[in-house]
file my_file-v1.txt (compact mmCIF, N, CA and C atoms)
# COMPACT_ATOMS: atom_id res chain seq x y z
N MET B 180 -49.60 11.96 -27.92
CA MET B 180 -48.47 12.85 -27.96
C MET B 180 -47.75 12.76 -26.61
N GLY B 181 -46.44 12.58 -26.67
CA GLY B 181 -45.67 12.45 -25.45
C GLY B 181 -45.54 13.77 -24.70
N LEU B 182 -45.19 13.66 -23.44
CA LEU B 182 -45.04 14.84 -22.60
C LEU B 182 -43.94 15.76 -23.11
N VAL B 183 -42.82 15.17 -23.57
CA VAL B 183 -41.71 15.97 -24.09
C VAL B 183 -42.14 16.72 -25.35
N THR B 184 -42.86 16.05 -26.24
CA THR B 184 -43.34 16.69 -27.47
C THR B 184 -44.31 17.81 -27.16
N LEU B 185 -45.21 17.57 -26.22
CA LEU B 185 -46.18 18.58 -25.83
C LEU B 185 -45.49 19.81 -25.24
N LYS B 186 -44.47 19.56 -24.42
CA LYS B 186 -43.71 20.65 -23.82
C LYS B 186 -42.99 21.46 -24.91
N ALA B 187 -42.41 20.78 -25.90
CA ALA B 187 -41.71 21.46 -26.99
C ALA B 187 -42.68 22.31 -27.80
N VAL B 188 -43.87 21.79 -28.08
CA VAL B 188 -44.88 22.54 -28.83
C VAL B 188 -45.29 23.78 -28.05
N LEU B 189 -45.46 23.65 -26.74
CA LEU B 189 -45.84 24.78 -25.89
C LEU B 189 -44.75 25.85 -25.89
N ILE B 190 -43.50 25.45 -25.78
CA ILE B 190 -42.38 26.41 -25.78
C ILE B 190 -42.31 27.14 -27.11
N ILE B 191 -42.44 26.42 -28.22
CA ILE B 191 -42.41 27.04 -29.55
C ILE B 191 -43.58 28.01 -29.71
N SER B 192 -44.75 27.64 -29.22
CA SER B 192 -45.92 28.52 -29.30
C SER B 192 -45.70 29.81 -28.54
N VAL B 193 -45.13 29.71 -27.35
CA VAL B 193 -44.86 30.91 -26.54
C VAL B 193 -43.85 31.80 -27.25
N LEU B 194 -42.81 31.22 -27.82
CA LEU B 194 -41.80 32.01 -28.54
C LEU B 194 -42.40 32.71 -29.75
N LEU B 195 -43.23 32.01 -30.50
CA LEU B 195 -43.88 32.63 -31.66
C LEU B 195 -44.81 33.75 -31.24
N MET B 196 -45.52 33.55 -30.13
CA MET B 196 -46.43 34.58 -29.64
C MET B 196 -45.66 35.84 -29.23
N ARG B 197 -44.51 35.65 -28.58
CA ARG B 197 -43.67 36.80 -28.21
C ARG B 197 -43.24 37.58 -29.44
N GLU B 198 -42.86 36.86 -30.49
CA GLU B 198 -42.44 37.52 -31.72
C GLU B 198 -43.59 38.32 -32.33
N MET B 199 -44.79 37.74 -32.33
CA MET B 199 -45.95 38.42 -32.90
C MET B 199 -46.27 39.68 -32.11
N VAL B 200 -46.21 39.60 -30.78
CA VAL B 200 -46.47 40.77 -29.94
C VAL B 200 -45.41 41.83 -30.22
N GLY B 201 -44.15 41.42 -30.37
CA GLY B 201 -43.09 42.37 -30.68
C GLY B 201 -43.31 43.09 -31.98
N VAL B 202 -43.80 42.39 -33.01
CA VAL B 202 -44.08 43.02 -34.30
C VAL B 202 -45.21 44.03 -34.15
N ILE B 203 -46.25 43.68 -33.41
CA ILE B 203 -47.37 44.60 -33.20
C ILE B 203 -46.90 45.85 -32.49
N LEU B 204 -46.09 45.68 -31.44
CA LEU B 204 -45.61 46.84 -30.69
C LEU B 204 -44.70 47.73 -31.54
N LYS B 205 -43.88 47.12 -32.40
CA LYS B 205 -42.99 47.92 -33.24
C LYS B 205 -43.79 48.79 -34.20
N THR B 206 -44.88 48.29 -34.74
CA THR B 206 -45.67 49.11 -35.66
C THR B 206 -46.36 50.24 -34.91
N ASN B 207 -46.76 50.01 -33.67
CA ASN B 207 -47.42 51.04 -32.90
C ASN B 207 -46.46 52.08 -32.34
N LYS B 208 -45.21 51.71 -32.11
CA LYS B 208 -44.25 52.63 -31.50
C LYS B 208 -44.05 53.88 -32.35
N SER B 209 -44.10 53.74 -33.66
CA SER B 209 -43.91 54.91 -34.52
C SER B 209 -45.05 55.92 -34.37
N GLN B 210 -46.21 55.47 -33.93
CA GLN B 210 -47.37 56.34 -33.74
C GLN B 210 -47.39 56.97 -32.34
N CYS B 211 -46.58 56.45 -31.44
CA CYS B 211 -46.57 56.92 -30.05
C CYS B 211 -45.58 58.08 -29.91
N THR B 212 -46.07 59.27 -30.22
CA THR B 212 -45.20 60.45 -30.28
C THR B 212 -45.32 61.35 -29.07
N SER B 213 -46.26 61.10 -28.18
CA SER B 213 -46.42 61.92 -26.98
C SER B 213 -45.89 61.18 -25.77
N MET B 214 -45.44 61.95 -24.77
CA MET B 214 -44.87 61.36 -23.56
C MET B 214 -45.60 61.87 -22.32
N THR B 215 -45.64 61.00 -21.31
CA THR B 215 -46.17 61.38 -20.01
C THR B 215 -45.48 60.52 -18.96
N LYS B 216 -45.68 60.85 -17.71
CA LYS B 216 -45.17 60.02 -16.61
C LYS B 216 -46.26 59.06 -16.17
N GLY B 217 -45.84 57.85 -15.86
CA GLY B 217 -46.77 56.85 -15.36
C GLY B 217 -46.30 56.31 -14.03
N ASN B 218 -47.22 55.74 -13.28
CA ASN B 218 -46.94 55.21 -11.96
C ASN B 218 -46.99 53.68 -12.00
N ILE B 219 -45.95 53.01 -11.52
CA ILE B 219 -45.96 51.55 -11.46
C ILE B 219 -46.97 51.13 -10.38
N VAL B 220 -47.98 50.37 -10.80
CA VAL B 220 -49.02 49.95 -9.86
C VAL B 220 -48.96 48.47 -9.52
N ASN B 221 -48.22 47.68 -10.32
CA ASN B 221 -48.14 46.25 -10.04
C ASN B 221 -46.90 45.64 -10.69
N LEU B 222 -46.27 44.75 -9.96
CA LEU B 222 -45.19 43.91 -10.48
C LEU B 222 -45.58 42.47 -10.21
N GLU B 223 -45.65 41.68 -11.26
CA GLU B 223 -46.11 40.30 -11.11
C GLU B 223 -45.02 39.36 -11.58
N ASN B 224 -44.40 38.67 -10.62
CA ASN B 224 -43.34 37.72 -10.92
C ASN B 224 -43.96 36.33 -11.06
N LYS B 225 -43.88 35.77 -12.26
CA LYS B 225 -44.50 34.47 -12.54
C LYS B 225 -43.59 33.30 -12.21
N GLY B 226 -42.35 33.57 -11.82
CA GLY B 226 -41.42 32.49 -11.50
C GLY B 226 -40.10 32.68 -12.21
N LEU B 227 -39.18 31.79 -11.96
CA LEU B 227 -37.81 31.90 -12.46
C LEU B 227 -37.73 31.90 -13.98
N ASN B 228 -38.49 31.06 -14.65
CA ASN B 228 -38.39 30.92 -16.10
C ASN B 228 -39.45 31.71 -16.87
N PHE B 229 -40.10 32.63 -16.21
CA PHE B 229 -41.14 33.42 -16.85
C PHE B 229 -40.86 34.91 -16.62
N PRO B 230 -41.28 35.75 -17.55
CA PRO B 230 -41.00 37.18 -17.39
C PRO B 230 -41.81 37.81 -16.26
N THR B 231 -41.22 38.83 -15.65
CA THR B 231 -41.93 39.64 -14.68
C THR B 231 -42.78 40.65 -15.45
N LEU B 232 -44.04 40.77 -15.10
CA LEU B 232 -44.93 41.71 -15.75
C LEU B 232 -45.02 42.99 -14.94
N ILE B 233 -44.90 44.12 -15.63
CA ILE B 233 -44.97 45.43 -14.98
C ILE B 233 -46.22 46.14 -15.50
N THR B 234 -47.05 46.64 -14.58
CA THR B 234 -48.25 47.37 -14.95
C THR B 234 -48.09 48.81 -14.52
N VAL B 235 -48.32 49.72 -15.47
CA VAL B 235 -48.15 51.15 -15.23
C VAL B 235 -49.46 51.86 -15.54
N GLU B 236 -49.83 52.78 -14.67
CA GLU B 236 -51.03 53.60 -14.86
C GLU B 236 -50.57 55.01 -15.25
N TYR B 237 -51.22 55.57 -16.28
CA TYR B 237 -50.87 56.92 -16.74
C TYR B 237 -52.14 57.68 -17.09
N VAL B 238 -52.05 59.00 -17.08
CA VAL B 238 -53.22 59.85 -17.30
C VAL B 238 -52.98 60.71 -18.55
N VAL B 239 -53.98 60.71 -19.45
CA VAL B 239 -53.97 61.55 -20.65
C VAL B 239 -55.34 62.22 -20.75
N ASN B 240 -55.35 63.55 -20.81
CA ASN B 240 -56.60 64.31 -20.91
C ASN B 240 -57.62 63.91 -19.85
N SER B 241 -57.18 63.80 -18.63
CA SER B 241 -58.01 63.45 -17.46
C SER B 241 -58.56 62.03 -17.49
N ASN B 242 -58.11 61.20 -18.42
CA ASN B 242 -58.51 59.79 -18.47
C ASN B 242 -57.33 58.93 -18.03
N THR B 243 -57.61 57.92 -17.22
CA THR B 243 -56.57 57.03 -16.71
C THR B 243 -56.51 55.77 -17.57
N TYR B 244 -55.27 55.38 -17.93
CA TYR B 244 -55.03 54.19 -18.75
C TYR B 244 -54.02 53.31 -18.05
N ARG B 245 -54.00 52.04 -18.44
CA ARG B 245 -53.03 51.08 -17.90
C ARG B 245 -52.35 50.36 -19.05
N ILE B 246 -51.08 50.07 -18.84
CA ILE B 246 -50.33 49.27 -19.80
C ILE B 246 -49.57 48.21 -19.01
N THR B 247 -49.51 47.00 -19.56
CA THR B 247 -48.74 45.92 -18.95
C THR B 247 -47.74 45.40 -19.96
N GLU B 248 -46.49 45.31 -19.55
CA GLU B 248 -45.41 44.81 -20.40
C GLU B 248 -44.57 43.82 -19.60
N SER B 249 -43.80 43.01 -20.31
CA SER B 249 -42.81 42.19 -19.62
C SER B 249 -41.60 43.08 -19.33
N LEU B 250 -41.04 42.92 -18.16
CA LEU B 250 -39.91 43.72 -17.73
C LEU B 250 -38.66 43.24 -18.46
N LYS B 251 -38.02 44.13 -19.19
CA LYS B 251 -36.81 43.78 -19.93
C LYS B 251 -35.61 43.80 -18.99
N LEU B 252 -34.66 42.91 -19.27
CA LEU B 252 -33.49 42.74 -18.42
C LEU B 252 -32.21 42.93 -19.21
N LYS B 253 -31.13 43.24 -18.50
CA LYS B 253 -29.81 43.30 -19.11
C LYS B 253 -28.86 42.50 -18.23
N SER B 254 -27.74 42.07 -18.81
CA SER B 254 -26.75 41.30 -18.06
C SER B 254 -25.78 42.22 -17.34
N GLU B 255 -25.41 41.81 -16.17
CA GLU B 255 -24.39 42.52 -15.40
C GLU B 255 -23.37 41.48 -14.95
N THR B 256 -22.10 41.78 -15.16
CA THR B 256 -21.04 40.85 -14.81
C THR B 256 -20.82 40.84 -13.30
N ILE B 257 -20.70 39.65 -12.75
CA ILE B 257 -20.34 39.49 -11.34
C ILE B 257 -18.84 39.26 -11.29
N LYS B 258 -18.13 40.06 -10.50
CA LYS B 258 -16.67 39.96 -10.44
C LYS B 258 -16.20 39.68 -9.01
N LEU B 259 -15.14 38.92 -8.92
CA LEU B 259 -14.42 38.72 -7.68
C LEU B 259 -13.12 39.48 -7.86
N TRP B 260 -13.05 40.65 -7.28
CA TRP B 260 -12.04 41.65 -7.56
C TRP B 260 -12.15 42.04 -9.03
N PHE B 261 -11.20 41.64 -9.85
CA PHE B 261 -11.24 42.00 -11.28
C PHE B 261 -11.55 40.79 -12.16
N ILE B 262 -11.79 39.63 -11.57
CA ILE B 262 -12.02 38.41 -12.33
C ILE B 262 -13.52 38.18 -12.49
N PRO B 263 -14.02 38.12 -13.75
CA PRO B 263 -15.45 37.82 -13.95
C PRO B 263 -15.74 36.37 -13.56
N ILE B 264 -16.76 36.19 -12.71
CA ILE B 264 -17.10 34.83 -12.26
C ILE B 264 -18.53 34.44 -12.62
N GLY B 265 -19.28 35.35 -13.22
CA GLY B 265 -20.65 35.02 -13.59
C GLY B 265 -21.41 36.24 -14.09
N GLN B 266 -22.70 36.03 -14.29
CA GLN B 266 -23.58 37.12 -14.73
C GLN B 266 -24.90 37.03 -13.98
N ARG B 267 -25.53 38.19 -13.86
CA ARG B 267 -26.87 38.23 -13.29
C ARG B 267 -27.71 39.14 -14.18
N LYS B 268 -28.99 38.92 -14.15
CA LYS B 268 -29.93 39.75 -14.93
C LYS B 268 -30.51 40.82 -14.02
N ILE B 269 -30.49 42.07 -14.51
CA ILE B 269 -31.07 43.18 -13.77
C ILE B 269 -32.00 43.95 -14.70
N PRO B 270 -33.02 44.60 -14.18
CA PRO B 270 -33.94 45.35 -15.04
C PRO B 270 -33.24 46.52 -15.75
N VAL B 271 -33.67 46.82 -16.98
CA VAL B 271 -33.13 47.98 -17.69
C VAL B 271 -33.71 49.28 -17.14
N LEU B 272 -34.88 49.23 -16.52
CA LEU B 272 -35.45 50.41 -15.88
C LEU B 272 -34.65 50.73 -14.62
N PRO B 273 -34.37 52.01 -14.38
CA PRO B 273 -33.52 52.37 -13.24
C PRO B 273 -34.12 51.99 -11.88
N LYS B 274 -35.40 52.24 -11.66
CA LYS B 274 -36.04 51.89 -10.39
C LYS B 274 -37.32 51.12 -10.70
N VAL B 275 -37.39 49.90 -10.18
CA VAL B 275 -38.56 49.07 -10.42
C VAL B 275 -39.18 48.70 -9.07
N ALA B 276 -40.20 49.47 -8.70
CA ALA B 276 -40.94 49.20 -7.47
C ALA B 276 -42.31 49.86 -7.61
N VAL B 277 -43.29 49.28 -6.96
CA VAL B 277 -44.63 49.87 -6.97
C VAL B 277 -44.54 51.28 -6.41
N GLY B 278 -45.13 52.24 -7.12
CA GLY B 278 -45.11 53.63 -6.71
C GLY B 278 -44.08 54.47 -7.43
N GLU B 279 -43.11 53.85 -8.09
CA GLU B 279 -42.09 54.59 -8.83
C GLU B 279 -42.70 55.13 -10.13
N MET B 280 -42.13 56.23 -10.62
CA MET B 280 -42.59 56.84 -11.86
C MET B 280 -41.71 56.40 -13.02
N VAL B 281 -42.33 56.17 -14.19
CA VAL B 281 -41.61 55.82 -15.42
C VAL B 281 -42.18 56.64 -16.57
N VAL B 282 -41.42 56.73 -17.65
CA VAL B 282 -41.86 57.48 -18.83
C VAL B 282 -42.68 56.56 -19.74
N VAL B 283 -43.85 57.05 -20.15
CA VAL B 283 -44.73 56.31 -21.05
C VAL B 283 -44.86 57.10 -22.34
N ASN B 284 -44.61 56.45 -23.47
CA ASN B 284 -44.88 57.06 -24.78
C ASN B 284 -46.22 56.53 -25.24
N TYR B 285 -47.08 57.42 -25.75
CA TYR B 285 -48.41 57.00 -26.17
C TYR B 285 -48.81 57.68 -27.48
N ASN B 286 -49.79 57.09 -28.13
CA ASN B 286 -50.34 57.63 -29.37
C ASN B 286 -51.35 58.72 -28.99
N PRO B 287 -51.13 59.99 -29.40
CA PRO B 287 -52.06 61.05 -29.02
C PRO B 287 -53.46 60.86 -29.59
N ASN B 288 -53.59 60.13 -30.69
CA ASN B 288 -54.90 59.87 -31.29
C ASN B 288 -55.61 58.68 -30.64
N GLU B 289 -54.84 57.79 -30.02
CA GLU B 289 -55.38 56.59 -29.38
C GLU B 289 -54.53 56.30 -28.14
N PRO B 290 -54.80 56.97 -27.02
CA PRO B 290 -53.94 56.85 -25.83
C PRO B 290 -53.81 55.44 -25.25
N THR B 291 -54.67 54.51 -25.65
CA THR B 291 -54.51 53.14 -25.17
C THR B 291 -53.30 52.46 -25.80
N GLU B 292 -52.82 52.99 -26.94
CA GLU B 292 -51.61 52.48 -27.58
C GLU B 292 -50.43 53.16 -26.92
N ALA B 293 -49.66 52.42 -26.15
CA ALA B 293 -48.55 53.01 -25.40
C ALA B 293 -47.49 51.96 -25.12
N TYR B 294 -46.32 52.43 -24.74
CA TYR B 294 -45.25 51.55 -24.30
C TYR B 294 -44.36 52.30 -23.32
N LEU B 295 -43.59 51.55 -22.53
CA LEU B 295 -42.67 52.16 -21.57
C LEU B 295 -41.40 52.55 -22.31
N ALA B 296 -41.09 53.82 -22.29
CA ALA B 296 -39.99 54.36 -23.09
C ALA B 296 -38.63 53.74 -22.74
N ASP B 297 -38.37 53.49 -21.48
CA ASP B 297 -37.06 53.00 -21.06
C ASP B 297 -36.99 51.49 -20.93
N ASN B 298 -38.07 50.80 -21.19
CA ASN B 298 -38.10 49.33 -21.07
C ASN B 298 -37.72 48.72 -22.42
N ILE B 299 -36.49 48.98 -22.83
CA ILE B 299 -36.00 48.58 -24.15
C ILE B 299 -35.02 47.42 -23.95
N GLY B 300 -35.18 46.37 -24.72
CA GLY B 300 -34.27 45.24 -24.66
C GLY B 300 -34.96 44.00 -25.20
N ILE B 301 -34.20 42.89 -25.21
CA ILE B 301 -34.78 41.65 -25.73
C ILE B 301 -34.92 40.57 -24.65
N ALA B 302 -34.10 40.63 -23.62
CA ALA B 302 -34.17 39.60 -22.58
C ALA B 302 -35.28 39.94 -21.60
N ASN B 303 -36.14 38.97 -21.33
CA ASN B 303 -37.20 39.23 -20.36
C ASN B 303 -37.51 38.02 -19.49
N CYS B 304 -36.62 37.09 -19.37
CA CYS B 304 -36.82 35.95 -18.46
C CYS B 304 -35.75 35.95 -17.41
call {"tool": "encode", "arguments": {"input": "my_file-v1.txt", "output": "C-alpha cells"}}
result
Amino acid sequence: MGLVTLKAVLIISVLLMREMVGVILKTNKSQCTSMTKGNIVNLENKGLNFPTLITVEYVVNSNTYRITESLKLKSETIKLWFIPIGQRKIPVLPKVAVGEMVVVNYNPNEPTEAYLADNIGIANC
C-alpha cells in the first residue's frame, strides 16, 4: 500500500470516528439535564491540523469528574478597515485558559456522562 493511500485511509478513519463520537454525544445530551460549573484543568494543543483538547473537572455530590472534548471553533473575519482580507478561527467558549470556569451539563443518574454546554459547533481544527 502506498504512502498516499495509507494517509487517505487514516484521514477517512479519523473522520468516521469523529462522526461516531458525535452520534454518541448527541444521544447522551438529551439525558444531561443538570448543570454545574467546571474548572478548565488542561488544554492540549496537538498541532496546527489537529483539534485542541480541553479537559474540565467538575464536582457532583462531592465526587470529582473529568471530561475531555475537542475545543470547537468559529470563524472571525479579518478586516483592513472595512475590507475583509481573511478569516481566523477562534474558540466558541468566551474564555479558554487553565483555571477558567465553564458550564457543564451532566446526566444526574450517571454524572460521568457530560458535555460542555457552550462548546457548541462543528469546526475543531
call {"tool": "residues_around", "arguments": {"input": "my_file-v1.txt", "residues": "Val282 (chain B)", "least_positions_apart": "6", "cutoff": "7 Å", "atoms": "all atoms listed in the file", "output": "PDB file with N, CA and C atoms, in the frame of the given file"}}
result
ATOM      1  N   MET B 214     -45.440  61.950 -24.770  1.00  0.00           N
ATOM      2  CA  MET B 214     -44.870  61.360 -23.560  1.00  0.00           C
ATOM      3  C   MET B 214     -45.600  61.870 -22.320  1.00  0.00           C
ATOM      4  N   THR B 215     -45.640  61.000 -21.310  1.00  0.00           N
ATOM      5  CA  THR B 215     -46.170  61.380 -20.010  1.00  0.00           C
ATOM      6  C   THR B 215     -45.480  60.520 -18.960  1.00  0.00           C
ATOM      7  N   LYS B 216     -45.680  60.850 -17.710  1.00  0.00           N
ATOM      8  CA  LYS B 216     -45.170  60.020 -16.610  1.00  0.00           C
ATOM      9  C   LYS B 216     -46.260  59.060 -16.170  1.00  0.00           C
ATOM     10  N   GLY B 217     -45.840  57.850 -15.860  1.00  0.00           N
ATOM     11  CA  GLY B 217     -46.770  56.850 -15.360  1.00  0.00           C
ATOM     12  C   GLY B 217     -46.300  56.310 -14.030  1.00  0.00           C
ATOM     13  N   TYR B 294     -46.320  52.430 -24.740  1.00  0.00           N
ATOM     14  CA  TYR B 294     -45.250  51.550 -24.300  1.00  0.00           C
ATOM     15  C   TYR B 294     -44.360  52.300 -23.320  1.00  0.00           C
ATOM     16  N   LEU B 295     -43.590  51.550 -22.530  1.00  0.00           N
ATOM     17  CA  LEU B 295     -42.670  52.160 -21.570  1.00  0.00           C
ATOM     18  C   LEU B 295     -41.400  52.550 -22.310  1.00  0.00           C
ATOM     19  N   ALA B 296     -41.090  53.820 -22.290  1.00  0.00           N
ATOM     20  CA  ALA B 296     -39.990  54.360 -23.090  1.00  0.00           C
ATOM     21  C   ALA B 296     -38.630  53.740 -22.740  1.00  0.00           C
ATOM     22  N   ASP B 297     -38.370  53.490 -21.480  1.00  0.00           N
ATOM     23  CA  ASP B 297     -37.060  53.000 -21.060  1.00  0.00           C
ATOM     24  C   ASP B 297     -36.990  51.490 -20.930  1.00  0.00           C
TER      25      ASP B 297
END
call {"tool": "atom_distance", "arguments": {"input": "my_file-v1.txt", "atom1": "CA of Lys208 (chain B)", "atom2": "atom C of Ile269 (chain B)"}}
result
22.5 Å
call {"tool": "residues_near_point", "arguments": {"input": "my_file-v1.txt", "point": "(-29.0, 42.1, -15.8)", "cutoff": "6.5 Å", "atoms": "all atoms listed in the file", "output": "PyMOL selection string"}}
result
chain B and resi 252-255+267-270
call {"tool": "closest_residue", "arguments": {"input": "my_file-v1.txt", "among": "B:Asn288, B:Val220, B:Gln266, B:Ala276", "to": "Arg245 (chain B)", "atoms": "only C-alpha atoms"}}
result
B:Val220
call {"tool": "closest_residue", "arguments": {"input": "my_file-v1.txt", "among": "B:Val277, B:Ile264, B:Val271, B:Leu250", "to": "Ile233 (chain B)", "atoms": "only C-alpha atoms"}}
result
B:Leu250
call {"tool": "atom_distance", "arguments": {"input": "my_file-v1.txt", "atom1": "atom N of Met280 (chain B)", "atom2": "atom C of Ile219 (chain B)"}}
result
7.0 Å
call {"tool": "atom_distance", "arguments": {"input": "my_file-v1.txt", "atom1": "CA of Ile301 (chain B)", "atom2": "CA of Ser249 (chain B)"}}
result
10.1 Å
call {"tool": "select_by_dssp", "arguments": {"input": "my_file-v1.txt", "residues": "region 198-297 of chain B", "states": "strand (DSSP E)", "output": "MDAnalysis selection string"}}
result
chainID B and resid 213:224 231:239 242:249 252:259 262:270 280:286 289:295
call {"tool": "build_atoms", "arguments": {"input": "my_file-v1.txt", "residues": "region 216-225 of chain B", "atoms": "all heavy atoms", "output": "PDB file, in the coordinates of the input"}}
result
ATOM      1  N   LYS B 216     -45.680  60.850 -17.710  1.00  0.00           N
ATOM      2  CA  LYS B 216     -45.170  60.020 -16.610  1.00  0.00           C
ATOM      3  C   LYS B 216     -46.260  59.060 -16.170  1.00  0.00           C
ATOM      4  O   LYS B 216     -47.437  59.414 -16.148  1.00  0.00           O
ATOM      5  CB  LYS B 216     -44.761  60.892 -15.418  1.00  0.00           C
ATOM      6  CG  LYS B 216     -43.550  61.736 -15.653  1.00  0.00           C
ATOM      7  CD  LYS B 216     -42.309  60.916 -15.486  1.00  0.00           C
ATOM      8  CE  LYS B 216     -41.086  61.841 -15.524  1.00  0.00           C
ATOM      9  NZ  LYS B 216     -39.878  61.113 -15.253  1.00  0.00           N
ATOM     10  N   GLY B 217     -45.840  57.850 -15.860  1.00  0.00           N
ATOM     11  CA  GLY B 217     -46.770  56.850 -15.360  1.00  0.00           C
ATOM     12  C   GLY B 217     -46.300  56.310 -14.030  1.00  0.00           C
ATOM     13  O   GLY B 217     -45.110  56.391 -13.696  1.00  0.00           O
ATOM     14  N   ASN B 218     -47.220  55.740 -13.280  1.00  0.00           N
ATOM     15  CA  ASN B 218     -46.940  55.210 -11.960  1.00  0.00           C
ATOM     16  C   ASN B 218     -46.990  53.680 -12.000  1.00  0.00           C
ATOM     17  O   ASN B 218     -47.990  53.110 -12.462  1.00  0.00           O
ATOM     18  CB  ASN B 218     -47.991  55.765 -10.989  1.00  0.00           C
ATOM     19  CG  ASN B 218     -47.714  55.389  -9.565  1.00  0.00           C
ATOM     20  OD1 ASN B 218     -46.580  55.193  -9.165  1.00  0.00           O
ATOM     21  ND2 ASN B 218     -48.770  55.286  -8.780  1.00  0.00           N
ATOM     22  N   ILE B 219     -45.950  53.010 -11.520  1.00  0.00           N
ATOM     23  CA  ILE B 219     -45.960  51.550 -11.460  1.00  0.00           C
ATOM     24  C   ILE B 219     -46.970  51.130 -10.380  1.00  0.00           C
ATOM     25  O   ILE B 219     -46.839  51.513  -9.226  1.00  0.00           O
ATOM     26  CB  ILE B 219     -44.561  50.986 -11.133  1.00  0.00           C
ATOM     27  CG1 ILE B 219     -43.555  51.373 -12.225  1.00  0.00           C
ATOM     28  CG2 ILE B 219     -44.618  49.461 -10.965  1.00  0.00           C
ATOM     29  CD1 ILE B 219     -42.125  50.976 -11.932  1.00  0.00           C
ATOM     30  N   VAL B 220     -47.980  50.370 -10.800  1.00  0.00           N
ATOM     31  CA  VAL B 220     -49.020  49.950  -9.860  1.00  0.00           C
ATOM     32  C   VAL B 220     -48.960  48.470  -9.520  1.00  0.00           C
ATOM     33  O   VAL B 220     -49.561  48.040  -8.534  1.00  0.00           O
ATOM     34  CB  VAL B 220     -50.444  50.307 -10.384  1.00  0.00           C
ATOM     35  CG1 VAL B 220     -50.633  51.804 -10.424  1.00  0.00           C
ATOM     36  CG2 VAL B 220     -50.721  49.674 -11.727  1.00  0.00           C
ATOM     37  N   ASN B 221     -48.220  47.680 -10.320  1.00  0.00           N
ATOM     38  CA  ASN B 221     -48.140  46.250 -10.040  1.00  0.00           C
ATOM     39  C   ASN B 221     -46.900  45.640 -10.690  1.00  0.00           C
ATOM     40  O   ASN B 221     -46.550  45.997 -11.810  1.00  0.00           O
ATOM     41  CB  ASN B 221     -49.392  45.534 -10.549  1.00  0.00           C
ATOM     42  CG  ASN B 221     -49.485  44.097 -10.072  1.00  0.00           C
ATOM     43  OD1 ASN B 221     -48.987  43.757  -9.000  1.00  0.00           O
ATOM     44  ND2 ASN B 221     -50.118  43.252 -10.851  1.00  0.00           N
ATOM     45  N   LEU B 222     -46.270  44.750  -9.960  1.00  0.00           N
ATOM     46  CA  LEU B 222     -45.190  43.910 -10.480  1.00  0.00           C
ATOM     47  C   LEU B 222     -45.580  42.470 -10.210  1.00  0.00           C
ATOM     48  O   LEU B 222     -45.840  42.106  -9.064  1.00  0.00           O
ATOM     49  CB  LEU B 222     -43.858  44.222  -9.793  1.00  0.00           C
ATOM     50  CG  LEU B 222     -43.228  45.554 -10.126  1.00  0.00           C
ATOM     51  CD1 LEU B 222     -42.093  45.863  -9.160  1.00  0.00           C
ATOM     52  CD2 LEU B 222     -42.716  45.550 -11.548  1.00  0.00           C
ATOM     53  N   GLU B 223     -45.650  41.680 -11.260  1.00  0.00           N
ATOM     54  CA  GLU B 223     -46.110  40.300 -11.110  1.00  0.00           C
ATOM     55  C   GLU B 223     -45.020  39.360 -11.580  1.00  0.00           C
ATOM     56  O   GLU B 223     -44.726  39.274 -12.773  1.00  0.00           O
ATOM     57  CB  GLU B 223     -47.388  40.086 -11.925  1.00  0.00           C
ATOM     58  CG  GLU B 223     -48.029  38.758 -11.711  1.00  0.00           C
ATOM     59  CD  GLU B 223     -49.343  38.628 -12.460  1.00  0.00           C
ATOM     60  OE1 GLU B 223     -49.823  39.617 -13.028  1.00  0.00           O
ATOM     61  OE2 GLU B 223     -49.873  37.516 -12.477  1.00  0.00           O
ATOM     62  N   ASN B 224     -44.400  38.670 -10.620  1.00  0.00           N
ATOM     63  CA  ASN B 224     -43.340  37.720 -10.920  1.00  0.00           C
ATOM     64  C   ASN B 224     -43.960  36.330 -11.060  1.00  0.00           C
ATOM     65  O   ASN B 224     -44.500  35.798 -10.102  1.00  0.00           O
ATOM     66  CB  ASN B 224     -42.291  37.729  -9.812  1.00  0.00           C
ATOM     67  CG  ASN B 224     -41.056  36.951 -10.198  1.00  0.00           C
ATOM     68  OD1 ASN B 224     -41.073  36.129 -11.097  1.00  0.00           O
ATOM     69  ND2 ASN B 224     -39.982  37.214  -9.494  1.00  0.00           N
ATOM     70  N   LYS B 225     -43.880  35.770 -12.260  1.00  0.00           N
ATOM     71  CA  LYS B 225     -44.500  34.470 -12.540  1.00  0.00           C
ATOM     72  C   LYS B 225     -43.590  33.300 -12.210  1.00  0.00           C
ATOM     73  O   LYS B 225     -43.967  32.166 -12.368  1.00  0.00           O
ATOM     74  CB  LYS B 225     -44.887  34.396 -14.018  1.00  0.00           C
ATOM     75  CG  LYS B 225     -45.927  35.399 -14.423  1.00  0.00           C
ATOM     76  CD  LYS B 225     -47.278  34.855 -14.151  1.00  0.00           C
ATOM     77  CE  LYS B 225     -48.321  35.730 -14.794  1.00  0.00           C
ATOM     78  NZ  LYS B 225     -49.637  35.205 -14.656  1.00  0.00           N
TER      79      LYS B 225
END
